[in-house]
Structures are given as C-alpha cells and as structure tokens.
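Enquirer: Dropping the structure in here first, questions after.
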Amino acid sequence: MATGLLIAAPGPLAHAATSASQSSSTNVTQQAAARIGLDDPHKKDIAMQLVSSAENSSLDWKAQYKYIEDIDDGRGYTAGIIGFCSGTGDMLDLVELYTARKPGNVLAKYLPALRKVNGTDSHAGLGSSFVKAWATAAGDSDFRKAQDDERDRVYFNPAVNRGKSDGLGALGQFMYYDAIVMHGDGGDRDSFSSIRANALKKAKPPAQGGNETTYLNAFLDARKVAMKHEDAHSDTSRVDTEQRVFLKAGNLDLNPPLNWKVYGDSYSIKS
C-alpha cells in the first residue's frame, strides 16, 4: 500500500552487507552438512548407546525392543528402544503401524485400550497380559522394524534435520535428539521447541552467525530448566556428566573414544 512517503532505496553498501550475511549463513549451513552427521550409521549407533545408558542403564540398546515398565512419570507404560509411552500417543502410533503392516499380531487386540488410555497414566485394558504380549512381539523382526521406523520419523530425523539447519555437528544433533526423546515436541513449556526457543534468547546457533559451543551451552542450560520442572526427570546427570563433558572437551563431532557417567554409573565407547 502506498503511504505517500518517499523512502530511499538501500544503497550498494547495504545490499552488499545483506548479501554477505546471507552468504555467511549459507556457508555455515553447507559446512555443517559436510561434517559427518548423527545420521551416519556409526554415529547413529553411538547416539542409541548414549540414550540407552540414560534410559536403560545399558549400552546394549538392541536389547531394549522388549523393555516395558511403568516408571511412575505419569506417562503410563514406557517401552521399547526409545521409550514409547502409552500415555503420550507414540506407543499407540507404533502399535497401529505394526498392525497395519502385520494384521493380527499379538498387540493388535490392545489397540482399543491404548486409544482409551492415551493422555493418561492408566493401565486399564492393558496390565500384565499386555506386558507379556509386548515382550513376545519384540521377538518379531517386523515389530523391531516398526520401532526403528517410528523412532526415526518422530524423534531422530526431526532432531538431526533441525540440528543441521542450525549449523550444528553431531554433538549438537545428539543434544537435540536426546531432548526430543525425553520431552517430545508438543509445544508445551518443556518441549524441545520451547527449550530451543529459550536457548535462542541467550545465544545464536552457527547458522545465525553464533558460536557453536556458546549456543550449545545455552541449549543445555535451557534443557536443565525443563528437566527440573518434572520430578521424574530432575536428575540432570545426562546433561552434566554426559553431554556437557563432551562439549567441554570440544568434541563437537561426537568422535570416540567417549567416556561419561549417567546417574553415577560410568560408560565408555572406545571406537
């Protein structure tokens, strides 16, 4: 809409500055993309071991397909390689995917109950028989593949893609992934997007011209605030004695050997 005011067009220096800024941001993003990301198969395996050390007190993440228990965090049953929960919808999505691929599987009959308990911590219609059925399903390669695919669709791929677009290396991408695994990305005050937004108030990621280490420290600070909002997640050792250790060492590409602690237990990945 015309306003009747004459506004001088930006001069060549302004155009040059804008172009240089855009070029710098593009270069940072391209450089990040050229680094080995968390989606490299070996890095992805490292990420899964790191998450398993915190979620299951074990580096053997492939043994967790059969894992299921109620950890009293208000989310009902927590299960599988990434902690799918009966109260948050991702377990329901997983069983629906498995059933679409393999009708009549041992978990299919629990879909009505899973739909009813979604959003609550209830075990109604599930209970010990569901727990046994989950362990049985874990012996099926189709169910394990469904867990892998849902992990990637809901958690891993969004975290890695967001990390790359922010100009982060494998460590930053892992920090994003671990945060999405624990907090989800539902838009509440402690979700991944909220944690990232709070970090952006303190520092800029490389893609916006910021320092990677400074930004990741701000992200971890914001992550700890979110964790302390919930009693079940108030132990912040997966940040303090794991992720922050790698960051302080300058290991932005998450290269082994890696040595860390979670909940006081020591772990290492040699190569």
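Just remember, in the structure tokens the first chain shown is A, the second B, etc., residues are 1-based per chain, and ligands are 1-based in the order shown.
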Skip Arg115 (chain A) itself and residues of its chain fewer than 4 positions away, then list as a list in words all residues within 10 Å of it, counting only C-alpha atoms.

Expert: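 That gives Ser86, Gly87, Gly89, Met91, Leu92, Asp93, Tyr110, Leu111 and Gly119 of chain A.
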
Enquirer: I want to know what sits within 8 Å of region 43-45 of chain A, based on only C-alpha atoms, with residues of the same chain fewer than 5 positions away left out; could you give that as a count of residues only?

Expert: 4

Enquirer: Considering only C-alpha atoms, tabulate each residue of region 83-169 of chain A that lies at most 10 Å from region 198-208 of chain A along with its nearest interatomic pair and the corresponding distance in Å to one decimal; arrange the rows by chain and ascending residue number and present them as a Markdown table.

Expert:
```
| residue | atom | partner | partner_atom | distance |
| --- | --- | --- | --- | --- |
| A:Gly163 | CA | A:Pro205 | CA | 9.3 |
| A:Lys164 | CA | A:Ala207 | CA | 8.8 |
| A:Ser165 | CA | A:Ala207 | CA | 7.0 |
| A:Asp166 | CA | A:Ala207 | CA | 5.0 |
| A:Gly167 | CA | A:Ala207 | CA | 4.8 |
| A:Leu168 | CA | A:Pro206 | CA | 6.9 |
| A:Gly169 | CA | A:Pro206 | CA | 9.9 |
```

Enquirer: Residues near Leu171 (chain A), anyone? I mean within 8 Å using only C-alpha atoms, not counting same-chain ones fewer than 4 positions away, as a ChimeraX atom specification.

Expert: /A:38,175,243,246-247,251-254

Enquirer: For Arg189 (chain A), list every protein, DNA or RNA residue within 12 Å, evaluated using only C-alpha atoms, and leave out those in the same chain fewer than 3 positions away; present the list as a list in words.

Expert: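 Skipping anything fewer than 3 positions along the chain leaves His183, Gly184, Asp185, Gly186, Phe192, Ser193, Ser194, Ile195, Arg196, Ala197, Asn198, Ala222, Arg223, Val225, Ala226, Met227, His229 and Glu230 of chain A.
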
Enquirer: Looking only at the backbone, which of the residues in region 51-251 of chain A does DSSP tag as helix (DSSP H, G or I), as number ranges by chain?

Expert: A: 51-56, 61-66, 90-101, 108-117, 127-137, 141-165, 170-183, 192-200, 206-208, 212-228, 231-233, 237-248

Enquirer: Looking at only C-alpha atoms, which of A:Asn255, A:Glu55, A:Asn161, A:Thr99 is the one that sits closest to Ile36 (chain A)?

Expert: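 Looking only at the distances to Ile36 (chain A), the closest residue turns out to be A:Asn255.
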
Enquirer: To one decimal place in Å, what is the distance between CA of Lys270 (chain A) and CA of Leu258 (chain A)?

Expert: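 It comes out at 6.4 Å.
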
Enquirer: Which distance in Å separates CA of Ile71 (chain A) and CA of Asp265 (chain A), to one decimal?

Expert: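 Answer for the CA of Ile71 (chain A) to CA of Asp265 (chain A) separation: 19.0 Å.
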
Enquirer: How many Å separate CA of Ala54 (chain A) from CA of Pro41 (chain A)?

Expert: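 Distance reported for this atom pair: 20.4 Å.
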
Enquirer: For Gly250 (chain A), which of A:Gly172, A:Arg151, A:Lys228, A:Ile269 is the closest residue, counting only C-alpha atoms?

Expert: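 Distance minimum relative to Gly250 (chain A) lands on A:Gly172.
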
Enquirer: Please provide the set of residues having any atom within 8 Å of Asn259 (chain A), restricted to only C-alpha atoms, with same-chain residues fewer than 6 positions apart removed, written as a count of residues only.

Expert: 5

Enquirer: Between A:Gly104, A:His233, A:Phe174, A:Asn211, which has the minimum distance to Ile46 (chain A) (counting only C-alpha atoms)?

Expert: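 Ranked by minimum distance to Ile46 (chain A), first place goes to A:Phe174.
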
Enquirer: Taking the DSSP secondary structure from the backbone, can you list the residues of region 62-223 of chain A that are strand (DSSP E or B), as a list in words?

Expert: Ile68, Glu69, Asp70, Tyr77, Thr78, Ala79, Phe84 and Cys85 of chain A

Enquirer: May I have the residues within 9 Å of Ser57 (chain A) as a list of chain:residue names, using only C-alpha atoms and disregarding those fewer than 3 positions away in the same chain?

Expert: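 After dropping sequence-adjacent residues, the list is A:Ser52, A:Ser53, A:Ala54, A:Asp60, A:Val262, A:Tyr263, A:Asp265.
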
Enquirer: Give the answer as one residue: which of A:Val117, A:Phe143, A:Gly127, A:Ile81 has the shortest atom-to-atom distance to Tyr98 (chain A), using only C-alpha atoms?

Expert: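 Of all the options, A:Phe143 lies closest to Tyr98 (chain A).
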
Enquirer: Quick one: residues within 7 Å of region 106-109 of chain A, only C-alpha atoms, excluding same-chain residues fewer than 3 positions away - as a list in words?

Expert: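 Here the answer would be Val95, Thr99, Ala133, Trp134 and Ala137 of chain A.
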
Enquirer: Save the residues we just selected, C-alpha atoms, as a PDB file, in the first residue's frame?

Expert:
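Generated file (result-v3.pdb):
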```
ATOM      1  CA  VAL A  95       1.172 -50.434  17.509  1.00  0.00           C
ATOM      2  CA  THR A  99      -0.817 -53.733  12.903  1.00  0.00           C
ATOM      3  CA  ALA A 133       2.486 -59.558  24.648  1.00  0.00           C
ATOM      4  CA  TRP A 134       4.966 -56.697  24.176  1.00  0.00           C
ATOM      5  CA  ALA A 137       6.185 -59.015  19.840  1.00  0.00           C
TER       6      ALA A 137
END
```
